[in-house]
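K.L.:
Dropping in my_file-v5.txt, which is compact mmCIF, C-alpha atoms and all ligand atoms:
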```
# COMPACT_ATOMS: atom_id res chain seq x y z
CA MET A 6 189.40 46.69 -13.10
CA GLU A 7 191.30 44.25 -10.89
CA GLN A 8 193.06 46.16 -8.11
CA ARG A 9 196.13 44.90 -6.19
CA ASP A 10 198.53 46.47 -3.72
CA VAL A 11 201.52 44.98 -5.52
CA VAL A 12 201.85 43.60 -9.05
CA ILE A 13 205.07 41.78 -9.87
CA LEU A 14 206.12 41.41 -13.49
CA GLY A 15 207.91 38.06 -13.90
CA ALA A 16 207.60 34.86 -11.86
CA GLY A 17 211.29 33.99 -11.87
CA ALA A 18 213.58 33.71 -8.86
CA ALA A 19 213.41 37.39 -7.88
CA GLY A 20 209.70 37.90 -8.60
CA LEU A 21 208.57 34.87 -6.60
CA MET A 22 210.72 35.89 -3.63
CA ALA A 23 209.35 39.45 -3.68
CA GLY A 24 205.78 38.13 -3.94
CA ILE A 25 206.24 35.88 -0.91
CA GLU A 26 207.67 38.68 1.21
CA ALA A 27 205.07 41.29 0.22
CA GLY A 28 202.29 38.74 0.76
CA ARG A 29 203.62 37.89 4.22
CA ARG A 30 203.24 41.57 5.09
CA GLY A 31 199.54 41.34 4.26
CA ARG A 32 199.73 43.08 0.90
CA SER A 33 197.51 41.81 -1.92
CA VAL A 34 199.95 40.49 -4.52
CA THR A 35 199.75 39.22 -8.09
CA VAL A 36 202.78 37.76 -9.82
CA LEU A 37 202.46 37.70 -13.63
CA ASP A 38 204.39 35.66 -16.16
CA HIS A 39 203.89 34.87 -19.81
CA ALA A 40 205.38 31.41 -19.40
CA ARG A 41 203.26 28.33 -18.81
CA SER A 42 205.18 27.52 -15.60
CA PRO A 43 206.89 29.77 -13.06
CA GLY A 44 210.64 29.72 -12.40
CA GLU A 45 211.65 28.15 -15.70
CA LYS A 46 215.29 29.23 -15.33
CA ILE A 47 215.39 27.79 -11.84
CA ARG A 48 214.15 24.50 -13.30
CA ILE A 49 216.98 24.23 -15.86
CA SER A 50 219.68 25.77 -13.66
CA GLY A 51 222.71 23.95 -12.34
CA GLY A 52 222.20 21.07 -14.77
CA GLY A 53 218.70 20.49 -13.31
CA ARG A 54 219.84 20.61 -9.68
CA CYS A 55 219.89 24.39 -9.20
CA ASN A 56 223.03 25.92 -7.75
CA PHE A 57 220.80 28.01 -5.49
CA THR A 58 223.42 29.99 -3.56
CA ASN A 59 227.08 30.22 -2.67
CA ARG A 60 228.14 29.57 0.89
CA LEU A 61 231.40 31.54 0.49
CA LEU A 62 229.74 34.87 -0.31
CA THR A 63 230.57 37.45 2.36
CA ARG A 64 230.20 41.20 2.70
CA GLN A 65 234.00 41.43 2.28
CA ASN A 66 234.20 39.55 -1.04
CA ALA A 67 230.82 40.59 -2.51
CA THR A 68 232.16 43.54 -4.50
CA ALA A 69 234.57 41.16 -6.25
CA ARG A 70 231.94 38.47 -6.92
CA PHE A 71 229.48 40.85 -8.61
CA LEU A 72 230.06 43.01 -11.68
CA SER A 73 228.30 46.36 -11.83
CA ARG A 74 229.20 49.96 -12.60
CA ASN A 75 228.78 50.36 -8.84
CA PRO A 76 229.58 47.01 -7.19
CA ARG A 77 228.82 48.46 -3.72
CA PHE A 78 225.14 48.86 -4.64
CA ALA A 79 224.44 45.16 -4.03
CA LEU A 80 225.96 45.12 -0.54
CA SER A 81 222.92 46.30 1.39
CA ALA A 82 220.49 43.66 0.09
CA LEU A 83 223.14 40.92 0.08
CA SER A 84 224.05 41.53 3.69
CA ARG A 85 220.42 41.71 4.86
CA TYR A 86 219.37 38.52 3.06
CA THR A 87 222.32 36.14 3.11
CA PRO A 88 223.10 32.66 1.77
CA ALA A 89 222.44 31.36 5.32
CA ASP A 90 218.92 32.82 5.15
CA PHE A 91 218.16 31.01 1.92
CA ILE A 92 219.74 27.77 3.17
CA ALA A 93 217.46 27.96 6.23
CA ARG A 94 214.45 28.35 3.91
CA VAL A 95 215.55 25.36 1.80
CA GLU A 96 216.09 23.22 4.90
CA GLY A 97 212.75 24.37 6.34
CA ALA A 98 211.10 23.00 3.19
CA GLY A 99 212.87 19.66 3.73
CA ILE A 100 215.00 19.99 0.57
CA ALA A 101 218.26 18.08 0.83
CA TRP A 102 221.34 19.79 -0.59
CA HIS A 103 225.08 19.35 -0.95
CA GLU A 104 228.14 21.49 -1.61
CA LYS A 105 229.88 20.73 -4.89
CA HIS A 106 232.99 22.90 -4.83
CA LEU A 107 233.97 26.53 -4.28
CA GLY A 108 230.99 26.96 -1.93
CA GLN A 109 228.41 26.11 -4.61
CA LEU A 110 225.25 24.58 -3.11
CA PHE A 111 222.97 22.30 -5.16
CA CYS A 112 219.79 20.33 -4.50
CA ASP A 113 220.39 16.60 -3.99
CA GLY A 114 217.21 16.04 -5.98
CA LYS A 115 215.71 18.27 -8.63
CA ALA A 116 215.71 22.03 -9.16
CA THR A 117 211.91 21.89 -9.39
CA GLN A 118 211.89 21.40 -5.60
CA ILE A 119 213.03 25.02 -5.28
CA VAL A 120 210.29 26.21 -7.67
CA GLN A 121 207.70 24.21 -5.75
CA MET A 122 208.88 25.64 -2.43
CA LEU A 123 208.61 29.21 -3.73
CA VAL A 124 205.18 28.70 -5.30
CA GLU A 125 203.84 27.06 -2.12
CA ASP A 126 205.24 29.90 -0.03
CA LEU A 127 203.64 32.45 -2.38
CA HIS A 128 200.24 30.81 -2.10
CA ALA A 129 200.61 30.43 1.68
CA ALA A 130 201.32 34.17 1.84
CA GLY A 131 198.07 34.83 -0.05
CA GLY A 132 199.80 35.76 -3.32
CA CYS A 133 198.20 35.07 -6.68
CA LEU A 134 200.15 33.64 -9.62
CA LYS A 135 198.89 34.49 -13.11
CA LEU A 136 200.63 32.47 -15.80
CA GLU A 137 200.39 32.66 -19.60
CA THR A 138 199.79 36.38 -19.16
CA SER A 139 202.11 38.77 -20.99
CA VAL A 140 202.91 42.23 -19.77
CA VAL A 141 202.11 44.55 -22.66
CA SER A 142 202.73 47.96 -21.11
CA LEU A 143 202.78 49.92 -17.88
CA ARG A 144 201.51 53.42 -17.20
CA ARG A 145 201.26 55.80 -14.28
CA ASP A 146 197.74 56.31 -12.96
CA GLY A 147 197.55 58.92 -10.19
CA GLU A 148 199.67 57.66 -7.29
CA GLY A 149 199.69 54.12 -8.67
CA PHE A 150 200.02 52.25 -11.98
CA VAL A 151 198.00 50.33 -14.53
CA VAL A 152 199.61 47.19 -15.92
CA ASN A 153 198.21 46.25 -19.31
CA THR A 154 198.38 42.51 -19.81
CA THR A 155 197.07 40.04 -22.37
CA GLY A 156 194.60 39.06 -19.61
CA GLY A 157 193.32 42.63 -19.17
CA PRO A 158 194.45 45.65 -17.14
CA ILE A 159 195.37 45.48 -13.45
CA ALA A 160 195.60 48.55 -11.22
CA ALA A 161 198.47 48.45 -8.73
CA GLY A 162 199.75 50.61 -5.90
CA SER A 163 203.29 49.33 -6.49
CA VAL A 164 204.88 47.54 -9.43
CA ILE A 165 207.97 45.36 -9.13
CA VAL A 166 209.77 44.67 -12.39
CA ALA A 167 211.35 41.20 -12.21
CA THR A 168 211.43 40.29 -15.89
CA GLY A 169 215.09 39.22 -15.89
CA GLY A 170 217.67 39.82 -18.61
CA LYS A 171 217.89 39.02 -22.32
CA SER A 172 219.57 35.64 -21.96
CA ILE A 173 217.93 32.64 -23.61
CA PRO A 174 214.98 34.25 -25.45
CA LYS A 175 213.72 30.73 -26.18
CA MET A 176 212.90 30.50 -22.46
CA GLY A 177 210.84 33.68 -22.33
CA ALA A 178 213.42 36.46 -21.90
CA THR A 179 212.06 39.61 -23.52
CA GLY A 180 213.92 42.69 -22.37
CA ILE A 181 210.63 44.39 -21.45
CA GLY A 182 212.10 45.41 -18.10
CA TYR A 183 214.61 47.66 -19.89
CA GLU A 184 211.84 49.18 -22.00
CA ILE A 185 209.81 49.99 -18.90
CA ALA A 186 212.86 51.57 -17.27
CA LYS A 187 213.51 53.70 -20.37
CA GLN A 188 209.86 54.71 -20.57
CA PHE A 189 210.17 56.18 -17.05
CA GLY A 190 213.40 57.93 -18.01
CA LEU A 191 215.78 55.62 -16.12
CA GLU A 192 219.30 55.05 -17.42
CA ILE A 193 220.27 51.63 -18.73
CA VAL A 194 223.89 50.49 -18.53
CA GLU A 195 224.67 48.85 -21.88
CA THR A 196 223.76 45.17 -21.83
CA ARG A 197 225.82 42.26 -23.17
CA PRO A 198 225.78 38.47 -22.86
CA ALA A 199 227.83 37.09 -19.95
CA LEU A 200 228.70 33.68 -18.55
CA VAL A 201 228.82 32.64 -22.18
CA PRO A 202 231.09 30.45 -24.40
CA LEU A 203 233.57 32.38 -26.56
CA THR A 204 234.13 31.84 -30.26
CA PHE A 205 237.23 31.84 -32.49
CA ALA A 206 237.93 33.17 -35.97
CA GLU A 207 238.15 30.60 -38.79
CA GLN A 208 241.97 30.52 -38.85
CA ASP A 209 242.17 29.75 -35.11
CA LEU A 210 239.37 27.18 -35.36
CA ALA A 211 241.32 25.22 -37.95
CA ARG A 212 243.88 24.52 -35.23
CA THR A 213 241.56 23.99 -32.24
CA VAL A 214 238.66 22.04 -33.78
CA PRO A 215 240.55 18.70 -33.54
CA LEU A 216 240.47 19.28 -29.76
CA ALA A 217 236.66 19.76 -29.63
CA GLY A 218 235.22 17.86 -26.70
CA LEU A 219 238.45 17.95 -24.67
CA ALA A 220 237.97 19.26 -21.13
CA ARG A 221 240.71 19.96 -18.61
CA ALA A 222 241.51 22.00 -15.53
CA ALA A 223 243.05 25.29 -16.63
CA ARG A 224 243.75 28.80 -15.46
CA VAL A 225 242.19 31.45 -17.68
CA SER A 226 243.27 35.05 -17.09
CA HIS A 227 242.28 38.48 -18.31
CA GLY A 228 244.57 41.14 -16.89
CA LYS A 229 244.64 40.72 -13.12
CA ILE A 230 241.57 38.49 -12.91
CA GLY A 231 241.89 34.73 -13.38
CA PHE A 232 239.82 31.60 -12.82
CA ASP A 233 241.09 28.11 -12.01
CA GLU A 234 238.31 25.93 -13.35
CA ASP A 235 237.58 23.49 -16.17
CA LEU A 236 238.01 24.59 -19.77
CA LEU A 237 236.29 22.89 -22.72
CA PHE A 238 237.33 23.04 -26.38
CA THR A 239 234.24 23.29 -28.61
CA HIS A 240 233.62 23.24 -32.37
CA ARG A 241 233.27 27.02 -32.29
CA GLY A 242 235.84 28.05 -29.68
CA LEU A 243 236.06 27.60 -25.92
CA SER A 244 233.61 26.94 -23.11
CA GLY A 245 233.56 25.41 -19.62
CA PRO A 246 233.30 27.21 -16.28
CA ALA A 247 236.69 28.97 -16.60
CA ILE A 248 235.66 30.53 -19.92
CA LEU A 249 232.11 31.39 -18.79
CA GLN A 250 233.58 33.21 -15.79
CA ILE A 251 236.14 35.18 -17.80
CA SER A 252 233.55 36.02 -20.49
CA SER A 253 232.00 38.53 -18.08
CA TYR A 254 235.28 40.49 -18.13
CA TRP A 255 236.33 39.94 -21.76
CA ARG A 256 235.57 42.50 -24.47
CA GLU A 257 235.98 42.26 -28.26
CA GLY A 258 239.63 42.68 -29.19
CA ASP A 259 240.93 41.52 -25.79
CA THR A 260 243.43 38.69 -25.42
CA LEU A 261 243.11 35.94 -22.81
CA THR A 262 246.05 34.06 -21.29
CA ILE A 263 245.46 30.37 -20.68
CA ASP A 264 247.53 27.95 -18.65
CA LEU A 265 246.63 24.55 -20.07
CA MET A 266 248.57 22.68 -17.41
CA PRO A 267 248.40 24.64 -14.15
CA GLU A 268 249.32 21.56 -12.11
CA GLY A 269 252.95 21.42 -13.30
CA ASP A 270 255.87 23.10 -15.05
CA ILE A 271 256.19 21.46 -18.46
CA SER A 272 259.72 22.67 -19.20
CA ALA A 273 261.02 21.17 -15.95
CA LEU A 274 259.21 17.89 -16.62
CA LEU A 275 260.53 17.63 -20.18
CA ALA A 276 264.07 18.65 -19.19
CA ALA A 277 264.06 15.80 -16.64
CA GLN A 278 262.64 13.42 -19.25
CA ARG A 279 265.25 14.35 -21.85
CA ALA A 280 267.92 12.08 -20.32
CA GLU A 281 265.89 8.83 -20.24
CA ALA A 282 263.40 9.36 -23.11
CA GLY A 283 265.22 11.73 -25.42
CA LYS A 284 264.64 9.55 -28.48
CA LYS A 285 260.91 10.01 -28.29
CA ALA A 286 259.19 12.40 -30.67
CA LEU A 287 258.51 15.62 -28.78
CA HIS A 288 254.74 15.29 -28.94
CA ASN A 289 254.93 11.70 -27.65
CA ALA A 290 257.09 12.81 -24.73
CA LEU A 291 254.60 15.57 -23.98
CA ALA A 292 251.68 13.11 -24.21
CA ARG A 293 252.94 11.57 -20.97
CA HIS A 294 251.63 14.68 -19.20
CA VAL A 295 248.63 15.86 -21.25
CA PRO A 296 246.18 14.18 -23.68
CA GLU A 297 247.79 13.27 -26.99
CA LYS A 298 245.72 15.70 -29.08
CA LEU A 299 246.62 18.54 -26.77
CA ALA A 300 250.30 17.52 -26.95
CA GLN A 301 250.18 17.66 -30.76
CA PHE A 302 248.43 21.02 -30.63
CA VAL A 303 250.93 22.61 -28.25
CA VAL A 304 253.94 21.31 -30.20
CA ALA A 305 252.46 22.66 -33.45
CA GLN A 306 251.67 26.00 -31.83
CA ALA A 307 255.28 26.27 -30.67
CA GLY A 308 256.43 25.46 -34.24
CA LEU A 309 258.58 22.54 -33.08
CA THR A 310 259.32 19.15 -34.63
CA GLY A 311 261.68 16.25 -34.01
CA ARG A 312 262.80 14.33 -30.94
CA LEU A 313 262.81 15.55 -27.38
CA ALA A 314 266.63 15.18 -27.29
CA ASP A 315 266.92 17.62 -30.20
CA GLN A 316 265.16 20.45 -28.40
CA SER A 317 267.22 23.32 -27.04
CA ASN A 318 266.30 24.95 -23.73
CA LYS A 319 265.04 27.87 -25.79
CA ALA A 320 262.74 25.55 -27.74
CA LEU A 321 261.41 24.04 -24.52
CA ALA A 322 260.80 27.54 -23.19
CA ARG A 323 258.76 28.25 -26.33
CA LEU A 324 256.78 25.09 -25.71
CA ALA A 325 256.21 26.13 -22.09
CA ASP A 326 254.91 29.47 -23.31
CA GLN A 327 252.32 27.72 -25.45
CA MET A 328 251.36 25.39 -22.59
CA HIS A 329 251.32 27.83 -19.69
CA ARG A 330 250.81 31.21 -21.36
CA TRP A 331 248.74 30.44 -24.45
CA GLN A 332 247.50 33.76 -25.86
CA VAL A 333 244.05 33.56 -27.39
CA ARG A 334 241.96 36.23 -28.97
CA PRO A 335 238.31 35.17 -29.29
CA VAL A 336 236.30 37.09 -31.87
CA GLY A 337 232.94 36.90 -30.17
CA SER A 338 230.61 34.93 -27.93
CA GLU A 339 227.71 32.55 -28.45
CA GLY A 340 225.44 35.48 -27.53
CA TYR A 341 222.16 35.62 -25.65
CA ARG A 342 221.14 32.28 -27.16
CA THR A 343 223.26 30.45 -24.58
CA ALA A 344 224.46 33.15 -22.16
CA GLU A 345 223.50 32.35 -18.56
CA VAL A 346 223.10 36.01 -17.66
CA THR A 347 223.00 39.56 -19.00
CA LEU A 348 225.60 42.11 -17.94
CA GLY A 349 224.41 45.69 -17.51
CA GLY A 350 220.79 46.72 -17.06
CA VAL A 351 218.95 49.33 -15.02
CA ALA A 352 221.63 51.68 -13.65
CA THR A 353 222.03 51.24 -9.91
CA GLU A 354 222.24 55.01 -9.45
CA GLU A 355 218.55 55.10 -10.36
CA LEU A 356 217.58 52.78 -7.49
CA ASP A 357 217.56 52.88 -3.71
CA ALA A 358 220.03 50.16 -2.60
CA LYS A 359 217.93 49.25 0.43
CA THR A 360 214.54 48.92 -1.26
CA MET A 361 215.24 48.64 -5.04
CA GLU A 362 212.69 51.45 -5.58
CA ALA A 363 213.32 53.84 -8.49
CA ARG A 364 214.40 57.10 -6.87
CA ARG A 365 212.51 59.19 -9.42
CA VAL A 366 209.41 56.95 -9.69
CA PRO A 367 207.95 56.17 -6.26
CA GLY A 368 206.17 52.81 -6.22
CA LEU A 369 208.22 51.33 -9.11
CA TYR A 370 210.83 48.70 -8.16
CA PHE A 371 213.39 46.68 -10.13
CA ILE A 372 214.88 43.41 -8.84
CA GLY A 373 217.07 40.52 -10.01
CA GLU A 374 218.89 40.29 -13.30
CA VAL A 375 217.22 43.33 -14.91
CA ILE A 376 219.43 45.52 -12.69
CA ASP A 377 223.07 46.24 -13.54
CA VAL A 378 224.30 43.63 -11.04
CA THR A 379 225.76 40.38 -12.40
CA GLY A 380 227.29 37.63 -10.32
CA TRP A 381 230.00 35.09 -10.95
CA LEU A 382 229.05 31.59 -11.91
CA GLY A 383 228.35 29.45 -8.85
CA GLY A 384 225.05 30.44 -7.21
CA TYR A 385 225.78 34.16 -6.98
CA ASN A 386 223.11 35.20 -9.48
CA PHE A 387 220.35 33.39 -7.64
CA GLN A 388 221.55 34.85 -4.34
CA TRP A 389 221.21 38.30 -5.91
CA ALA A 390 217.69 37.43 -7.13
CA TRP A 391 216.67 36.20 -3.63
CA ALA A 392 218.25 39.16 -1.83
CA SER A 393 216.97 41.93 -4.12
CA GLY A 394 213.51 40.30 -4.26
CA TRP A 395 213.47 40.01 -0.48
CA ALA A 396 214.48 43.68 -0.09
CA ALA A 397 211.69 44.98 -2.36
CA GLY A 398 209.20 42.60 -0.74
CA GLN A 399 209.80 44.26 2.66
CA VAL A 400 208.55 47.65 1.49
CA ALA A 401 206.45 47.47 -1.70
P1 LIG A 501 214.30 35.25 -14.49
O1 LIG A 501 214.51 34.05 -13.65
O2 LIG A 501 214.80 35.24 -15.88
O3 LIG A 501 212.72 35.54 -14.51
C1 LIG A 501 212.13 36.51 -15.34
C2 LIG A 501 210.71 36.07 -15.64
O4 LIG A 501 210.04 37.12 -16.34
C3 LIG A 501 210.65 34.84 -16.53
O5 LIG A 501 209.87 33.85 -15.89
C4 LIG A 501 210.01 35.35 -17.83
O6 LIG A 501 209.15 34.40 -18.41
C5 LIG A 501 209.22 36.57 -17.33
N1 LIG A 501 208.96 37.57 -18.38
C6 LIG A 501 209.86 38.18 -19.19
N2 LIG A 501 209.23 39.04 -20.00
C7 LIG A 501 207.90 38.98 -19.72
C8 LIG A 501 206.76 39.63 -20.22
N3 LIG A 501 206.82 40.53 -21.22
N4 LIG A 501 205.54 39.31 -19.69
C9 LIG A 501 205.44 38.41 -18.69
N5 LIG A 501 206.51 37.76 -18.17
C10 LIG A 501 207.73 38.06 -18.67
N6 LIG A 501 222.26 31.27 -11.51
C11 LIG A 501 222.69 30.71 -10.37
O7 LIG A 501 222.89 31.42 -9.38
N7 LIG A 501 222.90 29.35 -10.27
C12 LIG A 501 222.69 28.49 -11.33
O8 LIG A 501 222.82 27.27 -11.20
C13 LIG A 501 222.30 29.07 -12.57
N8 LIG A 501 222.15 28.29 -13.66
C14 LIG A 501 221.70 28.85 -14.82
C15 LIG A 501 221.55 28.03 -15.95
C16 LIG A 501 221.08 28.57 -17.14
C17 LIG A 501 220.96 27.70 -18.35
C18 LIG A 501 220.72 29.95 -17.19
C19 LIG A 501 220.17 30.55 -18.45
C20 LIG A 501 220.90 30.77 -16.08
C21 LIG A 501 221.40 30.24 -14.89
N9 LIG A 501 221.59 31.03 -13.77
C22 LIG A 501 222.05 30.47 -12.61
C23 LIG A 501 221.25 32.48 -13.76
C24 LIG A 501 219.86 32.65 -13.12
O9 LIG A 501 218.95 31.75 -13.72
C25 LIG A 501 219.35 34.09 -13.26
O10 LIG A 501 220.32 34.97 -12.79
C26 LIG A 501 218.06 34.27 -12.48
O11 LIG A 501 217.07 33.38 -12.97
C27 LIG A 501 217.56 35.70 -12.57
O12 LIG A 501 216.34 35.78 -11.88
P2 LIG A 501 215.25 36.85 -12.28
O13 LIG A 501 214.05 36.53 -11.45
O14 LIG A 501 215.82 38.20 -12.23
O15 LIG A 501 214.91 36.56 -13.81
```
Before we go any further, please render this structure as structure tokens.
P.N.:
Amino acid sequence: MEQRDVVILGAGAAGLMAGIEAGRRGRSVTVLDHARSPGEKIRISGGGRCNFTNRLLTRQNATARFLSRNPRFALSALSRYTPADFIARVEGAGIAWHEKHLGQLFCDGKATQIVQMLVEDLHAAGGCLKLETSVVSLRRDGEGFVVNTTGGPIAAGSVIVATGGKSIPKMGATGIGYEIAKQFGLEIVETRPALVPLTFAEQDLARTVPLAGLARAARVSHGKIGFDEDLLFTHRGLSGPAILQISSYWREGDTLTIDLMPEGDISALLAAQRAEAGKKALHNALARHVPEKLAQFVVAQAGLTGRLADQSNKALARLADQMHRWQVRPVGSEGYRTAEVTLGGVATEELDAKTMEARRVPGLYFIGEVIDVTGWLGGYNFQWAWASGWAAGQVA
């Protein structure tokens, strides 16, 4: 039987990073993946340019940028392997990059440059990549493990589970990492799709579908947390970065508050307009400030008709409520089919924060998205994959 020091299940962002680091320490390493190519999610990420990290991540803000039952768990790995460390690696490989906004860093060229860099580094570190090989099961064997794969069994001193979450099954997500954790008696924090578009009930859709395709800067809030980003009306509900971000906090039955015009105060603007353009129909007056379809929608939502001059201050306040404090109650999300990440996963209490090793199963490690650590949109999830993979790679 093939014998390796370290077998890594999954050649995604976290698995490749762990393989490189373990290989650099002189360990014999095999990274397995059932896909035909490694790093498929890296390839499609960031619209094909990979938002590979976030420059604004600090130890101080990390607990707010990551969702977990224990947000402090991620701090150790994140502060030992930082965005600056990954930027140095990218620059060392000659990959040009730029900052888009909010600290989000993207390749100037293609995301595949990042995959190529990682695969080259893995090979240079002596690591072996086995593709089109599915992990079937894992069992304890003395001090080590036997990984049963579609390519035969492999004996391993240490096993690193880097099989990711459940998002986008079409791309190879399987959930096997959770099954392995359960098999060894580790707790799983309930999983759910995150960074995902939200959907409306039929009666709400009837009103919003005419707006499908409209994108605008908005502020979307859920309780005390809010995101100022773009919002997109879709045929099924709402999407865009602001919605993806808030979807990680939203639960069925919750209401979101949306400011559709955060750049101004619509009642003040309309009150000023009333003197010179009072004869205009209200929705036409409003269309001076927002797209016409949105103007019609907001006026209808407020239950108003007639000319601007006919509107009382109370009516304009109602209109402002619909514009700046629109209350929406999605009924669901688009699910794992389109979710960028999976919330929940292997409970952090089960793992050593410095090494990612299962406390109760020496030699078994979990890294990346399979753990109950989920970042905001904007490069945070890859930074977690790099950092947790790096941490396990130092010790496995
Ligand atoms: P993955 O990258 O998912 O890797 C897991 C690997 O395990 C896969 O290669 C899979 O094939 C393999 N696998 C699973 N089951 C088995 C099995 N049974 N046998 C063998 N192999 C198996 N994050 C960012 O920070 N920035 C972005 O720009 C960004 N864009 C994204 C865009 C999209 C469309 C999506 C879906 C996600 C995006 N993300 C982004 C999130 C990011 O891709 C993930 O957080 C990250 O890939 C997680 O890394 P991972 O290594 O833990 O898991």
K.L.:
Counting only C-alpha atoms, which residues sit no farther than 12 Å from the position (219.5, 42.2, 5.9) in the file's frame? I'd like them as JSON, numbers by chain.
P.N.:
{"A": [64, 79, 80, 81, 82, 83, 84, 85, 86, 87, 88, 89, 90, 91, 358, 359, 360, 391, 392, 393, 394, 395, 396, 397, 399]}
K.L.:
Suppose we keep C-alpha atoms; can you now write the selection as an mmCIF file, in the frame of the given file?
P.N.:
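Produced file selection-v7.cif, reproduced below:
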```
data_model
loop_
_atom_site.group_PDB
_atom_site.id
_atom_site.type_symbol
_atom_site.label_atom_id
_atom_site.label_comp_id
_atom_site.auth_asym_id
_atom_site.auth_seq_id
_atom_site.Cartn_x
_atom_site.Cartn_y
_atom_site.Cartn_z
ATOM 1 C CA ARG A 64 230.200 41.200 2.700
ATOM 2 C CA ALA A 79 224.440 45.160 -4.030
ATOM 3 C CA LEU A 80 225.960 45.120 -0.540
ATOM 4 C CA SER A 81 222.920 46.300 1.390
ATOM 5 C CA ALA A 82 220.490 43.660 0.090
ATOM 6 C CA LEU A 83 223.140 40.920 0.080
ATOM 7 C CA SER A 84 224.050 41.530 3.690
ATOM 8 C CA ARG A 85 220.420 41.710 4.860
ATOM 9 C CA TYR A 86 219.370 38.520 3.060
ATOM 10 C CA THR A 87 222.320 36.140 3.110
ATOM 11 C CA PRO A 88 223.100 32.660 1.770
ATOM 12 C CA ALA A 89 222.440 31.360 5.320
ATOM 13 C CA ASP A 90 218.920 32.820 5.150
ATOM 14 C CA PHE A 91 218.160 31.010 1.920
ATOM 15 C CA ALA A 358 220.030 50.160 -2.600
ATOM 16 C CA LYS A 359 217.930 49.250 0.430
ATOM 17 C CA THR A 360 214.540 48.920 -1.260
ATOM 18 C CA TRP A 391 216.670 36.200 -3.630
ATOM 19 C CA ALA A 392 218.250 39.160 -1.830
ATOM 20 C CA SER A 393 216.970 41.930 -4.120
ATOM 21 C CA GLY A 394 213.510 40.300 -4.260
ATOM 22 C CA TRP A 395 213.470 40.010 -0.480
ATOM 23 C CA ALA A 396 214.480 43.680 -0.090
ATOM 24 C CA ALA A 397 211.690 44.980 -2.360
ATOM 25 C CA GLN A 399 209.800 44.260 2.660
#
```
K.L.:
What's the 12 Å shell around A:His294, counting all atoms listed in the file, without same-chain residues fewer than 5 positions away, as a PyMOL selection string?
P.N.:
chain A and resi 265-275+278+287-289+299-300+328
K.L.:
Around ligand LIG 501 (chain A), out to 7 Å and counting only C-alpha atoms and all ligand atoms, which residues are there? I want them as a ChimeraX atom specification.
P.N.:
/A:14-20,37-40,43-47,49-51,55-58,138-141,167-170,172-173,176-181,343-346,372-375,382-388,390
K.L.:
Suppose you want the space between atom CA of A:Ala290 and atom CA of A:Leu237; what is it in Å?
P.N.:
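Atom-to-atom, atom CA of A:Ala290 to atom CA of A:Leu237, that is 23.2 Å.
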K.L.:
Set the distance at 8 Å and use only C-alpha atoms: which residues neighbour A:Leu143 once local chain neighbours fewer than 6 positions away are removed? I'd like the list as a PyMOL selection string.
P.N.:
chain A and resi 150-153+185
K.L.:
Please list as a list of chain:residue names every residue within 8 Å of A:Gly337, counting only C-alpha atoms and excluding residues in the same chain fewer than 5 positions away.
P.N.:
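With the cut-off at 8 Å, the set is A:Leu203, A:Thr204, A:Phe205, A:Glu257.
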K.L.:
Output C-alpha atoms for every residue in the selection just made, as a PDB file, in the coordinates of the input.
P.N.:
```pdb
ATOM      1  CA  LEU A 203     233.570  32.380 -26.560  1.00  0.00           C
ATOM      2  CA  THR A 204     234.130  31.840 -30.260  1.00  0.00           C
ATOM      3  CA  PHE A 205     237.230  31.840 -32.490  1.00  0.00           C
ATOM      4  CA  GLU A 257     235.980  42.260 -28.260  1.00  0.00           C
TER       5      GLU A 257
END
```
K.L.:
Quick one: distance from atom CA of A:Leu200 to atom CA of A:Gly114 in Å, one decimal?
P.N.:
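Taking atom CA of A:Leu200 as the start and atom CA of A:Gly114 as the end point, the length is 24.5 Å.
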K.L.:
Calculated over all atoms listed in the file, which of the candidates A:Val366, A:Val11, A:Val36, A:Leu107 has the smallest distance to A:Leu61?
P.N.:
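Once distances to A:Leu61 are computed over all atoms listed in the file, the minimum belongs to A:Leu107.
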K.L.:
Which value, in Å to one decimal, gives the distance between atom CA of A:Val95 and atom CA of A:Ile376?
P.N.:
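Here the two named atoms are 25.1 Å from each other.
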K.L.:
For A:Tyr254, which of A:Ala314, A:Ala27, A:Leu348, A:Leu191 is the closest residue, counting all atoms listed in the file?
P.N.:
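Between A:Ala314, A:Ala27, A:Leu348, A:Leu191, the residue approaching A:Tyr254 most closely is A:Leu348.
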K.L.:
Within 9 Å of A:Glu7, counting all atoms listed in the file, which residues show up once you throw out same-chain ones fewer than 4 positions away? Write them as a VMD selection string, please.
P.N.:
chain A and resid 157 to 161
K.L.:
Pick from A:Gly245, A:Glu354, A:Ser338, A:Val34: nearest to A:Arg77, with only C-alpha atoms counted?
P.N.:
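Closest residue, counting only C-alpha atoms: A:Glu354.
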K.L.:
Between A:Ala130, A:Gly156, A:His106, A:Phe78, which one has atoms that come closest to A:Arg32, using only C-alpha atoms?
P.N.:
A:Ala130
K.L.:
From the set A:Arg364, A:His128, A:Arg60, A:Arg48, which residue has the shortest atom-to-atom contact distance to A:Gly28, counting only C-alpha atoms?
P.N.:
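The shortest atom-to-atom distance to A:Gly28 comes from A:His128.
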K.L.:
Hey, could you pull the box centre and edge lengths for stretch 394-398 of chain A, axis-aligned, 4 Å padding per side, all listed atoms, to one decimal in Å, as JSON?
P.N.:
```
{"center_x": 211.8, "center_y": 42.5, "center_z": -2.2, "size_x": 13.3, "size_y": 13.0, "size_z": 12.2}
```
K.L.:
Kindly indicate which residue among A:Pro296, A:Gly31, A:Leu210, A:Tyr341 lies nearest to A:Arg197, using only C-alpha atoms for the distances.
P.N.:
A:Tyr341
